[in-house]
Amino acid sequence: MSDFTTKLPKNLYRAEQVRELDRIAIEDKGIAGFELMQGAASAAFNFLREYWPQTRHLLVFVGNGNNGGDGYVVAALAKEAGLSTDIVQLAESSELKGDAKLAFELAASKQIPIYGFAESDSIDETDSSHTVVVDALLGTGIDRKVSGDYAAAIERINAMSCPVVAIDIPSGLSANTGKCLGVAVEADLTVSFIGMKQGLLTYQGRDYCGEIVFDNLEVPDDVYTGKSSPVPSAIRIDINDVTRHFLPRRKSSHKGNHGHVVVMGGDYGYGGAPLMAAEAAQCSGSGLVSIITRSKHRSAILARRPELMVLGTEDEDADIEELISKASVIAIGPGLGKSKWSRHLLQSALSAQQAQNTPLVVDADGLNLLAERLESGASIKRSNWVLTPHPGEAASLLNSSVGEVQSDRFVTVQKLSEFWGGPCLLKGSGSLICNKENSSDIFLCTEGNAGMATGGMGDILAGIVASLIAQGLDLSIALCCAVSIHGEAADLAAENRGERGMVATDLVPFIRQLVNPSLH
């Protein structure tokens with residue numbers, strides 16, 4: 001887990017909601033808008049000096065809105081602190097209004113050089129080792145592709161070798177979706193204010209924000225909790241939200257008290273997938289774990305993990321229905337494939353779910369086979385399953401494209417849960433969880449890293465989810481806990497040996513550590 005994410009607020013907001021928080025602070029609580037602007041600029045400048053204490057020169061790019069106003073005030077603070085400061089202005093001074101105009105006048109009174117973008121090439125950037133660029137071009141209101149001088153200015157910032165601080169949000173990044181709107185500033189540090197914008201923490205947000213810090217500018221608590229206050233659009237979760245769900249086991253407990261996970265999958269050539277899911281289920285605390293797979297995989301599975309039970313589908317006495325009737329939960333999909341054999345296993349799992357109300361965890365080709373039902377008009381909606389798609393699988397489940405899925409991941413995860421039922425996960429940077437049937441909340445997990453972009457990670461996650469359900473956790477809680485454990489295990493693995501070259505089974509030792517909170 002990145003240390004900075006633990007310090008970020010739990011409540012996340014859309015851009016329009018943050019604007020409403022601003023309005024409440026200004027109009028209902030009587031805090032002057034320019035006072036908030038000065039507070040934001042002061043916080044940004046203080047963070048800048050903390051991260052780069054050797055800074056001697058600021059190059060501040062400003063737009064024509066309040067985000068630009070923050071930049072003008074940062075420049076004024078820098079000049080007062082004795083730093084060499086230049087401002088690059090993307091709008092005529094005559095266009096500025098309200099608090100942004102007051103901020104411009106403050107900067108002008110400090111006799112700071114102000115350049116139009118066209119003439120800014122004359123600024124001396126030779127001492128880049130002591131220069132920090134401040135991005136105050138575009139705020140949270142942008143919802144279309146960046147163009148013109150703003151796009152050119154962003155490209156220039158990205159081409160520079162200096163550290164970059166983004167005020168509130170990197171210019172060109174959607175505060176609501178985390179999507180780059182054509183071009184966006186690649187910041188090293190983003191200083192966000194008042195309300196934490198949900199888009200900073202998912203999809204491309206983490207590519208452009210760098211490290212994120214937050215300051216609520218000391219607005220009163222009831223700005224967030226009053227009757228007219230906006231309800232957070234999402235809730236941030238991390239490993240710290242997991243501990244309370246793992247109580248000490250009774251001294252007299254036995255394997256039957258901790259659930260029986262049955263993993264179904266592993267067509268020819270894919271025997272490792274159900275093995276990884278089963279191993280993850282074991283190390284997450286399941287009392288019993290069985291695998292239903294091709295018979296030829298048995299020897300390899302038992303050689304690696306003799307504690308597992310394996311039913312081969314080609315065995316003469318193979319009784320699939322008998323085994324799954326004993327399951328506390330069924331994980332279907334790892335290495336499943338799309339053959340006739342695969343479809344038979346999925347139908348067996350669905351039948352058991354319907355007959356015995358056995359919860360399902362559906363992943364990988366289990367999801368792709370469900371999506372095929374859309375084409376035949378035979379789609380189903382159930383509440384006692386967990387679906388765990390990545391964006392490609394989510395596109396199939398919603399009969400859309402990956403581009404549409406990623407264009408607003410928050411809307412997508414809601415659609416998944418509404419259409420298919422139960423708790424649904426949308427994987428990716430800033431994974432999202434939603435269960436529309438039980439709650440309107442969307443949860444965003446800030447655990448995990450780019451080392452997880454490798455085969456088998458989904459199989460590990462499916463096993464953790466299934467194990468926690470088998471041990472008695474509610475499906476939604478189990479999914480939130482599993483995603484947090486999965487991401488944190490990957491962060492610990494990366495800390496141990498780096499992100500590049502990480503493999504899915506590297507997570508297994510850390511998973512056991514994380515489900516035993518007394519060990520960390």
# chains A, B, ... in the order shown; residues from 1 in each chain; ligands from 1
$ select_by_dssp --residues "segment 22-225 of chain A" --states "alpha helix (DSSP H)" --output "ChimeraX atom specification"
/A:22-23,33-51,66-80,98-109,148-159,205-209,222-225
$ closest_residue --among "A:Val132, A:Ala352, A:Leu217, A:Ala234" --to "Ser431 of chain A" --atoms "only C-alpha atoms"
A:Ala234
$ atom_distance --atom1 "atom CA of Cys445 of chain A" --atom2 "atom CA of Asp506 of chain A"
20.3 Å
$ residues_around --residues "Val411 of chain A" --least-positions-apart "2" --cutoff "12 Å" --atoms "only C-alpha atoms" --output "list in words"
Asn176, Thr177, Ser233, Ala234, Ala394, Leu398, Glu404, Val405, Gln406, Ser407, Asp408, Arg409, Val413, Gln414, Lys415, Leu416, Ser417, Glu418, Leu426, Leu432, Ile433, Cys434, Lys436, Ser440, Asp441 and Ile442 of chain A
$ write_last_selection --atoms "N, CA and C atoms" --output "short mmCIF file (atom, residue, chain, number, x, y, z; two decimals), in the first residue's frame"
data_model
loop_
_atom_site.label_atom_id
_atom_site.label_comp_id
_atom_site.auth_asym_id
_atom_site.auth_seq_id
_atom_site.Cartn_x
_atom_site.Cartn_y
_atom_site.Cartn_z
N ASN A 176 -14.26 13.14 -12.53
CA ASN A 176 -15.32 12.17 -12.28
C ASN A 176 -14.94 10.76 -12.70
N THR A 177 -14.17 10.61 -13.77
CA THR A 177 -13.92 9.29 -14.34
C THR A 177 -12.47 8.85 -14.31
N SER A 233 -20.03 10.07 -3.45
CA SER A 233 -20.31 9.23 -4.62
C SER A 233 -19.65 7.87 -4.52
N ALA A 234 -18.61 7.74 -3.68
CA ALA A 234 -17.91 6.47 -3.50
C ALA A 234 -17.18 6.53 -2.17
N ALA A 394 -16.20 -7.18 -18.55
CA ALA A 394 -17.35 -6.31 -18.26
C ALA A 394 -18.02 -5.84 -19.54
N LEU A 398 -22.00 -6.51 -20.57
CA LEU A 398 -22.92 -5.39 -20.81
C LEU A 398 -23.17 -5.14 -22.30
N GLU A 404 -16.25 2.07 -23.77
CA GLU A 404 -17.45 2.51 -23.04
C GLU A 404 -17.36 2.15 -21.57
N VAL A 405 -16.83 0.96 -21.28
CA VAL A 405 -16.67 0.54 -19.89
C VAL A 405 -15.75 1.50 -19.15
N GLN A 406 -14.62 1.84 -19.74
CA GLN A 406 -13.63 2.67 -19.08
C GLN A 406 -13.97 4.16 -19.09
N SER A 407 -14.89 4.56 -19.97
CA SER A 407 -15.22 5.98 -20.06
C SER A 407 -15.84 6.49 -18.76
N ASP A 408 -16.52 5.63 -18.02
CA ASP A 408 -17.00 5.98 -16.68
C ASP A 408 -17.13 4.68 -15.90
N ARG A 409 -16.07 4.31 -15.21
CA ARG A 409 -16.04 3.05 -14.49
C ARG A 409 -17.07 3.00 -13.37
N VAL A 413 -19.78 -0.12 -13.12
CA VAL A 413 -19.93 -1.09 -12.04
C VAL A 413 -21.36 -1.09 -11.50
N GLN A 414 -22.03 0.06 -11.55
CA GLN A 414 -23.44 0.10 -11.17
C GLN A 414 -24.30 -0.67 -12.16
N LYS A 415 -24.01 -0.51 -13.44
CA LYS A 415 -24.76 -1.23 -14.47
C LYS A 415 -24.58 -2.73 -14.32
N LEU A 416 -23.37 -3.17 -14.02
CA LEU A 416 -23.12 -4.59 -13.84
C LEU A 416 -23.98 -5.17 -12.74
N SER A 417 -24.02 -4.48 -11.61
CA SER A 417 -24.79 -4.98 -10.48
C SER A 417 -26.29 -4.90 -10.75
N GLU A 418 -26.73 -3.85 -11.40
CA GLU A 418 -28.15 -3.71 -11.72
C GLU A 418 -28.61 -4.79 -12.69
N LEU A 426 -15.33 -4.31 -10.66
CA LEU A 426 -14.70 -3.91 -11.92
C LEU A 426 -13.22 -3.73 -11.62
N LEU A 432 -13.29 -1.11 -8.45
CA LEU A 432 -14.57 -0.63 -7.93
C LEU A 432 -15.49 -1.79 -7.61
N ILE A 433 -16.28 -1.63 -6.54
CA ILE A 433 -17.20 -2.66 -6.07
C ILE A 433 -18.56 -2.02 -5.86
N CYS A 434 -19.62 -2.73 -6.30
CA CYS A 434 -20.98 -2.21 -6.13
C CYS A 434 -21.94 -3.38 -5.93
N LYS A 436 -25.93 -3.06 -5.95
CA LYS A 436 -27.08 -2.17 -6.02
C LYS A 436 -28.27 -2.70 -5.22
N SER A 440 -26.40 1.65 -2.06
CA SER A 440 -26.09 2.54 -3.18
C SER A 440 -24.62 2.90 -3.21
N ASP A 441 -23.86 2.41 -2.22
CA ASP A 441 -22.45 2.77 -2.13
C ASP A 441 -21.62 2.08 -3.20
N ILE A 442 -20.65 2.80 -3.71
CA ILE A 442 -19.60 2.23 -4.54
C ILE A 442 -18.31 2.32 -3.73
#
$ select_by_dssp --residues "segment 180-293 of chain A" --states "strand (DSSP E)" --output "ChimeraX atom specification"
/A:189-193,196-197,211-215,234-237,260-264,288-293
$ closest_residue --among "A:Thr358, A:Ser284, A:Gln353, A:Ser383" --to "Pro509 of chain A" --atoms "only C-alpha atoms"
A:Ser284
$ residues_around --residues "Leu387 of chain A" --least-positions-apart "2" --cutoff "8 Å" --atoms "only C-alpha atoms" --output "VMD selection string"
chain A and resid 361 to 363 367 385 389 422 to 425
$ write_last_selection --atoms "all heavy atoms" --output "PDB file, in the first residue's frame"
ATOM      1  N   VAL A 361     -18.832 -17.598  -6.961  1.00  0.00           N
ATOM      2  CA  VAL A 361     -17.879 -16.563  -7.370  1.00  0.00           C
ATOM      3  C   VAL A 361     -17.565 -16.868  -8.827  1.00  0.00           C
ATOM      4  O   VAL A 361     -17.021 -17.928  -9.134  1.00  0.00           O
ATOM      5  CB  VAL A 361     -16.598 -16.590  -6.517  1.00  0.00           C
ATOM      6  CG1 VAL A 361     -15.609 -15.544  -7.030  1.00  0.00           C
ATOM      7  CG2 VAL A 361     -16.924 -16.354  -5.049  1.00  0.00           C
ATOM      8  N   VAL A 362     -17.925 -15.949  -9.730  1.00  0.00           N
ATOM      9  CA  VAL A 362     -17.789 -16.205 -11.163  1.00  0.00           C
ATOM     10  C   VAL A 362     -16.688 -15.301 -11.714  1.00  0.00           C
ATOM     11  O   VAL A 362     -16.757 -14.076 -11.588  1.00  0.00           O
ATOM     12  CB  VAL A 362     -19.104 -15.960 -11.917  1.00  0.00           C
ATOM     13  CG1 VAL A 362     -18.977 -16.436 -13.365  1.00  0.00           C
ATOM     14  CG2 VAL A 362     -20.269 -16.675 -11.228  1.00  0.00           C
ATOM     15  N   ASP A 363     -15.699 -15.946 -12.343  1.00  0.00           N
ATOM     16  CA  ASP A 363     -14.545 -15.205 -12.850  1.00  0.00           C
ATOM     17  C   ASP A 363     -14.171 -15.739 -14.222  1.00  0.00           C
ATOM     18  O   ASP A 363     -14.643 -16.795 -14.658  1.00  0.00           O
ATOM     19  CB  ASP A 363     -13.369 -15.357 -11.875  1.00  0.00           C
ATOM     20  CG  ASP A 363     -12.165 -14.502 -12.259  1.00  0.00           C
ATOM     21  OD1 ASP A 363     -12.368 -13.321 -12.593  1.00  0.00           O
ATOM     22  OD2 ASP A 363     -11.035 -15.023 -12.235  1.00  0.00           O
ATOM     23  N   LEU A 367     -17.408 -15.837 -16.668  1.00  0.00           N
ATOM     24  CA  LEU A 367     -18.073 -14.579 -17.044  1.00  0.00           C
ATOM     25  C   LEU A 367     -18.334 -14.540 -18.543  1.00  0.00           C
ATOM     26  O   LEU A 367     -19.403 -14.093 -18.983  1.00  0.00           O
ATOM     27  CB  LEU A 367     -17.194 -13.400 -16.636  1.00  0.00           C
ATOM     28  CG  LEU A 367     -16.935 -13.253 -15.136  1.00  0.00           C
ATOM     29  CD1 LEU A 367     -15.821 -12.246 -14.878  1.00  0.00           C
ATOM     30  CD2 LEU A 367     -18.206 -12.832 -14.411  1.00  0.00           C
ATOM     31  N   TRP A 385     -24.482 -14.310  -5.936  1.00  0.00           N
ATOM     32  CA  TRP A 385     -23.203 -14.564  -6.583  1.00  0.00           C
ATOM     33  C   TRP A 385     -22.373 -13.284  -6.599  1.00  0.00           C
ATOM     34  O   TRP A 385     -22.885 -12.180  -6.381  1.00  0.00           O
ATOM     35  CB  TRP A 385     -23.367 -15.134  -7.977  1.00  0.00           C
ATOM     36  CG  TRP A 385     -24.061 -14.272  -9.026  1.00  0.00           C
ATOM     37  CD1 TRP A 385     -24.411 -12.949  -8.957  1.00  0.00           C
ATOM     38  CD2 TRP A 385     -24.483 -14.724 -10.313  1.00  0.00           C
ATOM     39  NE1 TRP A 385     -25.016 -12.538 -10.115  1.00  0.00           N
ATOM     40  CE2 TRP A 385     -25.077 -13.615 -10.967  1.00  0.00           C
ATOM     41  CE3 TRP A 385     -24.401 -15.940 -10.977  1.00  0.00           C
ATOM     42  CZ2 TRP A 385     -25.595 -13.700 -12.258  1.00  0.00           C
ATOM     43  CZ3 TRP A 385     -24.921 -16.025 -12.256  1.00  0.00           C
ATOM     44  CH2 TRP A 385     -25.509 -14.916 -12.881  1.00  0.00           C
ATOM     45  N   PRO A 389     -15.312  -9.201 -13.081  1.00  0.00           N
ATOM     46  CA  PRO A 389     -14.742  -8.983 -14.416  1.00  0.00           C
ATOM     47  C   PRO A 389     -13.644  -7.923 -14.457  1.00  0.00           C
ATOM     48  O   PRO A 389     -13.655  -6.969 -13.679  1.00  0.00           O
ATOM     49  CB  PRO A 389     -15.954  -8.512 -15.224  1.00  0.00           C
ATOM     50  CG  PRO A 389     -16.802  -7.792 -14.218  1.00  0.00           C
ATOM     51  CD  PRO A 389     -16.652  -8.608 -12.943  1.00  0.00           C
ATOM     52  N   GLY A 422     -26.344  -9.009  -7.444  1.00  0.00           N
ATOM     53  CA  GLY A 422     -25.261  -9.332  -6.528  1.00  0.00           C
ATOM     54  C   GLY A 422     -24.138  -8.321  -6.524  1.00  0.00           C
ATOM     55  O   GLY A 422     -24.139  -7.345  -7.280  1.00  0.00           O
ATOM     56  N   PRO A 423     -23.140  -8.541  -5.673  1.00  0.00           N
ATOM     57  CA  PRO A 423     -21.970  -7.661  -5.645  1.00  0.00           C
ATOM     58  C   PRO A 423     -21.124  -7.883  -6.900  1.00  0.00           C
ATOM     59  O   PRO A 423     -20.846  -9.023  -7.271  1.00  0.00           O
ATOM     60  CB  PRO A 423     -21.199  -8.110  -4.395  1.00  0.00           C
ATOM     61  CG  PRO A 423     -22.131  -8.978  -3.626  1.00  0.00           C
ATOM     62  CD  PRO A 423     -23.074  -9.571  -4.611  1.00  0.00           C
ATOM     63  N   CYS A 424     -20.715  -6.796  -7.531  1.00  0.00           N
ATOM     64  CA  CYS A 424     -19.902  -6.878  -8.743  1.00  0.00           C
ATOM     65  C   CYS A 424     -18.634  -6.054  -8.560  1.00  0.00           C
ATOM     66  O   CYS A 424     -18.654  -4.986  -7.942  1.00  0.00           O
ATOM     67  CB  CYS A 424     -20.672  -6.375  -9.964  1.00  0.00           C
ATOM     68  SG  CYS A 424     -22.026  -7.468 -10.466  1.00  0.00           S
ATOM     69  N   LEU A 425     -17.563  -6.565  -9.126  1.00  0.00           N
ATOM     70  CA  LEU A 425     -16.262  -5.902  -9.099  1.00  0.00           C
ATOM     71  C   LEU A 425     -15.895  -5.494 -10.516  1.00  0.00           C
ATOM     72  O   LEU A 425     -16.139  -6.240 -11.462  1.00  0.00           O
ATOM     73  CB  LEU A 425     -15.208  -6.881  -8.556  1.00  0.00           C
ATOM     74  CG  LEU A 425     -13.733  -6.510  -8.708  1.00  0.00           C
ATOM     75  CD1 LEU A 425     -13.370  -5.339  -7.811  1.00  0.00           C
ATOM     76  CD2 LEU A 425     -12.844  -7.713  -8.392  1.00  0.00           C
TER      77      LEU A 425
END
$ residues_around --residues "Lys326 of chain A" --least-positions-apart "4" --cutoff "9 Å" --atoms "only C-alpha atoms" --output "list in words"
His260, Val262, Glu321 and Glu322 of chain A
$ write_last_selection --atoms "N, CA, C and O atoms" --output "PDB file, in the first residue's frame"
ATOM      1  N   HIS A 260     -16.290 -24.969   3.070  1.00  0.00           N
ATOM      2  CA  HIS A 260     -15.757 -25.846   2.034  1.00  0.00           C
ATOM      3  C   HIS A 260     -15.867 -25.122   0.699  1.00  0.00           C
ATOM      4  O   HIS A 260     -16.963 -24.866   0.192  1.00  0.00           O
ATOM      5  N   VAL A 262     -15.342 -25.090  -3.279  1.00  0.00           N
ATOM      6  CA  VAL A 262     -15.174 -25.951  -4.447  1.00  0.00           C
ATOM      7  C   VAL A 262     -14.829 -25.064  -5.636  1.00  0.00           C
ATOM      8  O   VAL A 262     -15.596 -24.164  -5.990  1.00  0.00           O
ATOM      9  N   GLU A 321     -22.131 -33.615  -9.047  1.00  0.00           N
ATOM     10  CA  GLU A 321     -23.256 -33.078  -8.293  1.00  0.00           C
ATOM     11  C   GLU A 321     -23.125 -33.386  -6.799  1.00  0.00           C
ATOM     12  O   GLU A 321     -23.465 -32.565  -5.941  1.00  0.00           O
ATOM     13  N   GLU A 322     -22.620 -34.573  -6.481  1.00  0.00           N
ATOM     14  CA  GLU A 322     -22.448 -34.953  -5.077  1.00  0.00           C
ATOM     15  C   GLU A 322     -21.446 -34.031  -4.381  1.00  0.00           C
ATOM     16  O   GLU A 322     -21.678 -33.579  -3.253  1.00  0.00           O
TER      17      GLU A 322
END
$ residues_around --residues "Arg244 of chain A" --least-positions-apart "4" --cutoff "12 Å" --atoms "only C-alpha atoms" --output "list in words"
Ile239, Asn240, Pro248, Leu473, Ile477, Cys481, Val515, Asn516, Pro517 and Ser518 of chain A
$ write_last_selection --atoms "N, CA and C atoms" --output "PDB file, in the first residue's frame"
ATOM      1  N   ILE A 239      -6.545  -1.834   3.225  1.00  0.00           N
ATOM      2  CA  ILE A 239      -6.350  -2.966   4.126  1.00  0.00           C
ATOM      3  C   ILE A 239      -6.789  -2.656   5.541  1.00  0.00           C
ATOM      4  N   ASN A 240      -6.796  -1.390   5.934  1.00  0.00           N
ATOM      5  CA  ASN A 240      -7.200  -1.020   7.288  1.00  0.00           C
ATOM      6  C   ASN A 240      -8.687  -1.268   7.540  1.00  0.00           C
ATOM      7  N   PRO A 248     -10.701 -13.584  16.245  1.00  0.00           N
ATOM      8  CA  PRO A 248      -9.996 -14.824  16.610  1.00  0.00           C
ATOM      9  C   PRO A 248     -10.933 -16.029  16.520  1.00  0.00           C
ATOM     10  N   LEU A 473     -18.535 -14.583   5.812  1.00  0.00           N
ATOM     11  CA  LEU A 473     -18.709 -13.157   5.553  1.00  0.00           C
ATOM     12  C   LEU A 473     -19.816 -12.927   4.516  1.00  0.00           C
ATOM     13  N   ILE A 477     -19.191  -7.774   1.784  1.00  0.00           N
ATOM     14  CA  ILE A 477     -18.054  -7.563   2.686  1.00  0.00           C
ATOM     15  C   ILE A 477     -16.885  -8.443   2.277  1.00  0.00           C
ATOM     16  N   CYS A 481     -13.211  -7.043   1.307  1.00  0.00           N
ATOM     17  CA  CYS A 481     -12.041  -7.511   2.047  1.00  0.00           C
ATOM     18  C   CYS A 481     -11.045  -8.207   1.118  1.00  0.00           C
ATOM     19  N   VAL A 515      -4.607 -12.178   6.554  1.00  0.00           N
ATOM     20  CA  VAL A 515      -5.855 -12.656   7.171  1.00  0.00           C
ATOM     21  C   VAL A 515      -5.653 -12.996   8.645  1.00  0.00           C
ATOM     22  N   ASN A 516      -4.450 -12.793   9.131  1.00  0.00           N
ATOM     23  CA  ASN A 516      -4.149 -12.935  10.557  1.00  0.00           C
ATOM     24  C   ASN A 516      -3.671 -11.579  11.069  1.00  0.00           C
ATOM     25  N   PRO A 517      -4.596 -10.667  11.375  1.00  0.00           N
ATOM     26  CA  PRO A 517      -4.234  -9.275  11.694  1.00  0.00           C
ATOM     27  C   PRO A 517      -3.233  -9.138  12.829  1.00  0.00           C
ATOM     28  N   SER A 518      -3.178 -10.110  13.731  1.00  0.00           N
ATOM     29  CA  SER A 518      -2.241  -9.997  14.850  1.00  0.00           C
ATOM     30  C   SER A 518      -0.790 -10.073  14.399  1.00  0.00           C
TER      31      SER A 518
END
$ closest_residue --among "A:Leu106, A:Leu59, A:Ala450, A:Ile237" --to "His130 of chain A" --atoms "only C-alpha atoms"
A:Leu59
$ closest_residue --among "A:Gly272, A:Gly421, A:Gly312, A:Pro306" --to "Ile292 of chain A" --atoms "only C-alpha atoms"
A:Gly312
$ residues_around --residues "Glu95 of chain A" --least-positions-apart "6" --cutoff "12 Å" --atoms "only C-alpha atoms" --output "list in words"
Gly63, Asn64, Gly65, Gly68, Gln89, Lys101 and Phe104 of chain A
$ closest_atom_pairs --of "segment 300-392 of chain A" --to "segment 264-267 of chain A" --cutoff "12 Å" --atoms "only C-alpha atoms" --output "Markdown table"
| residue | atom | partner | partner_atom | distance |
| --- | --- | --- | --- | --- |
| A:Ile301 | CA | A:Gly266 | CA | 11.0 |
| A:Val310 | CA | A:Met264 | CA | 10.2 |
| A:Leu311 | CA | A:Met264 | CA | 9.7 |
| A:Gly312 | CA | A:Gly266 | CA | 10.4 |
| A:Thr313 | CA | A:Asp267 | CA | 10.2 |
| A:Glu314 | CA | A:Asp267 | CA | 11.6 |
| A:Ile320 | CA | A:Met264 | CA | 9.9 |
| A:Glu321 | CA | A:Met264 | CA | 11.9 |
| A:Leu323 | CA | A:Met264 | CA | 10.9 |
| A:Ile324 | CA | A:Met264 | CA | 9.4 |
| A:Ala327 | CA | A:Met264 | CA | 11.3 |
| A:Val329 | CA | A:Met264 | CA | 10.8 |
| A:Ile330 | CA | A:Met264 | CA | 7.3 |
| A:Ala331 | CA | A:Met264 | CA | 6.1 |
| A:Ile332 | CA | A:Met264 | CA | 4.8 |
| A:Gly333 | CA | A:Gly265 | CA | 5.6 |
| A:Pro334 | CA | A:Gly265 | CA | 5.3 |
| A:Gly335 | CA | A:Gly266 | CA | 4.3 |
| A:Leu336 | CA | A:Gly265 | CA | 4.2 |
| A:Gly337 | CA | A:Asp267 | CA | 6.0 |
| A:Lys338 | CA | A:Asp267 | CA | 8.8 |
| A:Ser339 | CA | A:Asp267 | CA | 8.3 |
| A:Lys340 | CA | A:Asp267 | CA | 10.4 |
| A:Trp341 | CA | A:Asp267 | CA | 7.9 |
| A:Ser342 | CA | A:Asp267 | CA | 7.2 |
| A:Arg343 | CA | A:Gly265 | CA | 10.4 |
| A:His344 | CA | A:Gly265 | CA | 10.8 |
| A:Leu345 | CA | A:Met264 | CA | 7.1 |
| A:Leu346 | CA | A:Met264 | CA | 8.2 |
| A:Gln347 | CA | A:Met264 | CA | 11.2 |
| A:Ser348 | CA | A:Met264 | CA | 9.8 |
| A:Ala349 | CA | A:Met264 | CA | 8.3 |
| A:Leu350 | CA | A:Met264 | CA | 11.7 |
| A:Leu360 | CA | A:Met264 | CA | 10.6 |
| A:Val361 | CA | A:Met264 | CA | 10.3 |
| A:Val362 | CA | A:Met264 | CA | 10.0 |
| A:Asp363 | CA | A:Gly265 | CA | 10.2 |
| A:Ala364 | CA | A:Gly265 | CA | 9.9 |
| A:Asp365 | CA | A:Gly265 | CA | 9.0 |
| A:Gly366 | CA | A:Gly265 | CA | 8.8 |
$ atom_distance --atom1 "atom CA of Thr454 of chain A" --atom2 "atom CA of Glu495 of chain A"
17.0 Å
$ atom_distance --atom1 "atom CA of Leu201 of chain A" --atom2 "atom CA of Cys283 of chain A"
29.2 Å
$ closest_residue --among "A:Pro391, A:Pro232, A:Gly148, A:Pro163" --to "Leu12 of chain A" --atoms "only C-alpha atoms"
A:Pro232
$ decode --residues "segment 92-97 of chain A" --atoms "all heavy atoms" --output "tab-separated table (two decimals), in the first residue's frame"
chain	number	residue	atom	x	y	z
A	92	GLU	N	-6.30	36.23	-21.17
A	92	GLU	CA	-6.06	37.66	-20.97
A	92	GLU	C	-6.52	38.07	-19.58
A	92	GLU	O	-7.52	37.56	-19.06
A	92	GLU	CB	-6.82	38.46	-22.02
A	92	GLU	CG	-6.35	38.24	-23.44
A	92	GLU	CD	-4.94	38.75	-23.67
A	92	GLU	OE1	-4.53	39.69	-22.94
A	92	GLU	OE2	-4.24	38.22	-24.56
A	93	SER	N	-5.79	38.99	-18.98
A	93	SER	CA	-6.15	39.46	-17.64
A	93	SER	C	-7.56	40.02	-17.61
A	93	SER	O	-8.27	39.90	-16.60
A	93	SER	CB	-5.15	40.53	-17.19
A	93	SER	OG	-3.82	40.05	-17.25
A	94	SER	N	-7.98	40.59	-18.71
A	94	SER	CA	-9.32	41.20	-18.76
A	94	SER	C	-10.43	40.16	-18.68
A	94	SER	O	-11.58	40.49	-18.37
A	94	SER	CB	-9.48	42.02	-20.05
A	94	SER	OG	-9.27	41.18	-21.19
A	95	GLU	N	-10.11	38.88	-18.93
A	95	GLU	CA	-11.11	37.82	-18.87
A	95	GLU	C	-11.37	37.33	-17.45
A	95	GLU	O	-12.35	36.63	-17.20
A	95	GLU	CB	-10.67	36.63	-19.73
A	95	GLU	CG	-10.53	36.93	-21.22
A	95	GLU	CD	-10.03	35.71	-21.97
A	95	GLU	OE1	-10.25	34.58	-21.47
A	95	GLU	OE2	-9.43	35.87	-23.04
A	96	LEU	N	-10.48	37.66	-16.53
A	96	LEU	CA	-10.58	37.15	-15.17
A	96	LEU	C	-11.71	37.83	-14.41
A	96	LEU	O	-11.94	39.05	-14.56
A	96	LEU	CB	-9.26	37.35	-14.44
A	96	LEU	CG	-8.04	36.67	-15.09
A	96	LEU	CD1	-6.77	37.05	-14.34
A	96	LEU	CD2	-8.23	35.16	-15.11
A	97	LYS	N	-12.38	37.05	-13.57
A	97	LYS	CA	-13.51	37.58	-12.80
A	97	LYS	C	-13.44	37.09	-11.37
A	97	LYS	O	-12.79	36.09	-11.06
A	97	LYS	CB	-14.83	37.12	-13.42
A	97	LYS	CG	-15.05	37.60	-14.86
A	97	LYS	CD	-16.36	37.04	-15.42
A	97	LYS	CE	-16.57	37.48	-16.87
A	97	LYS	NZ	-17.83	36.92	-17.44
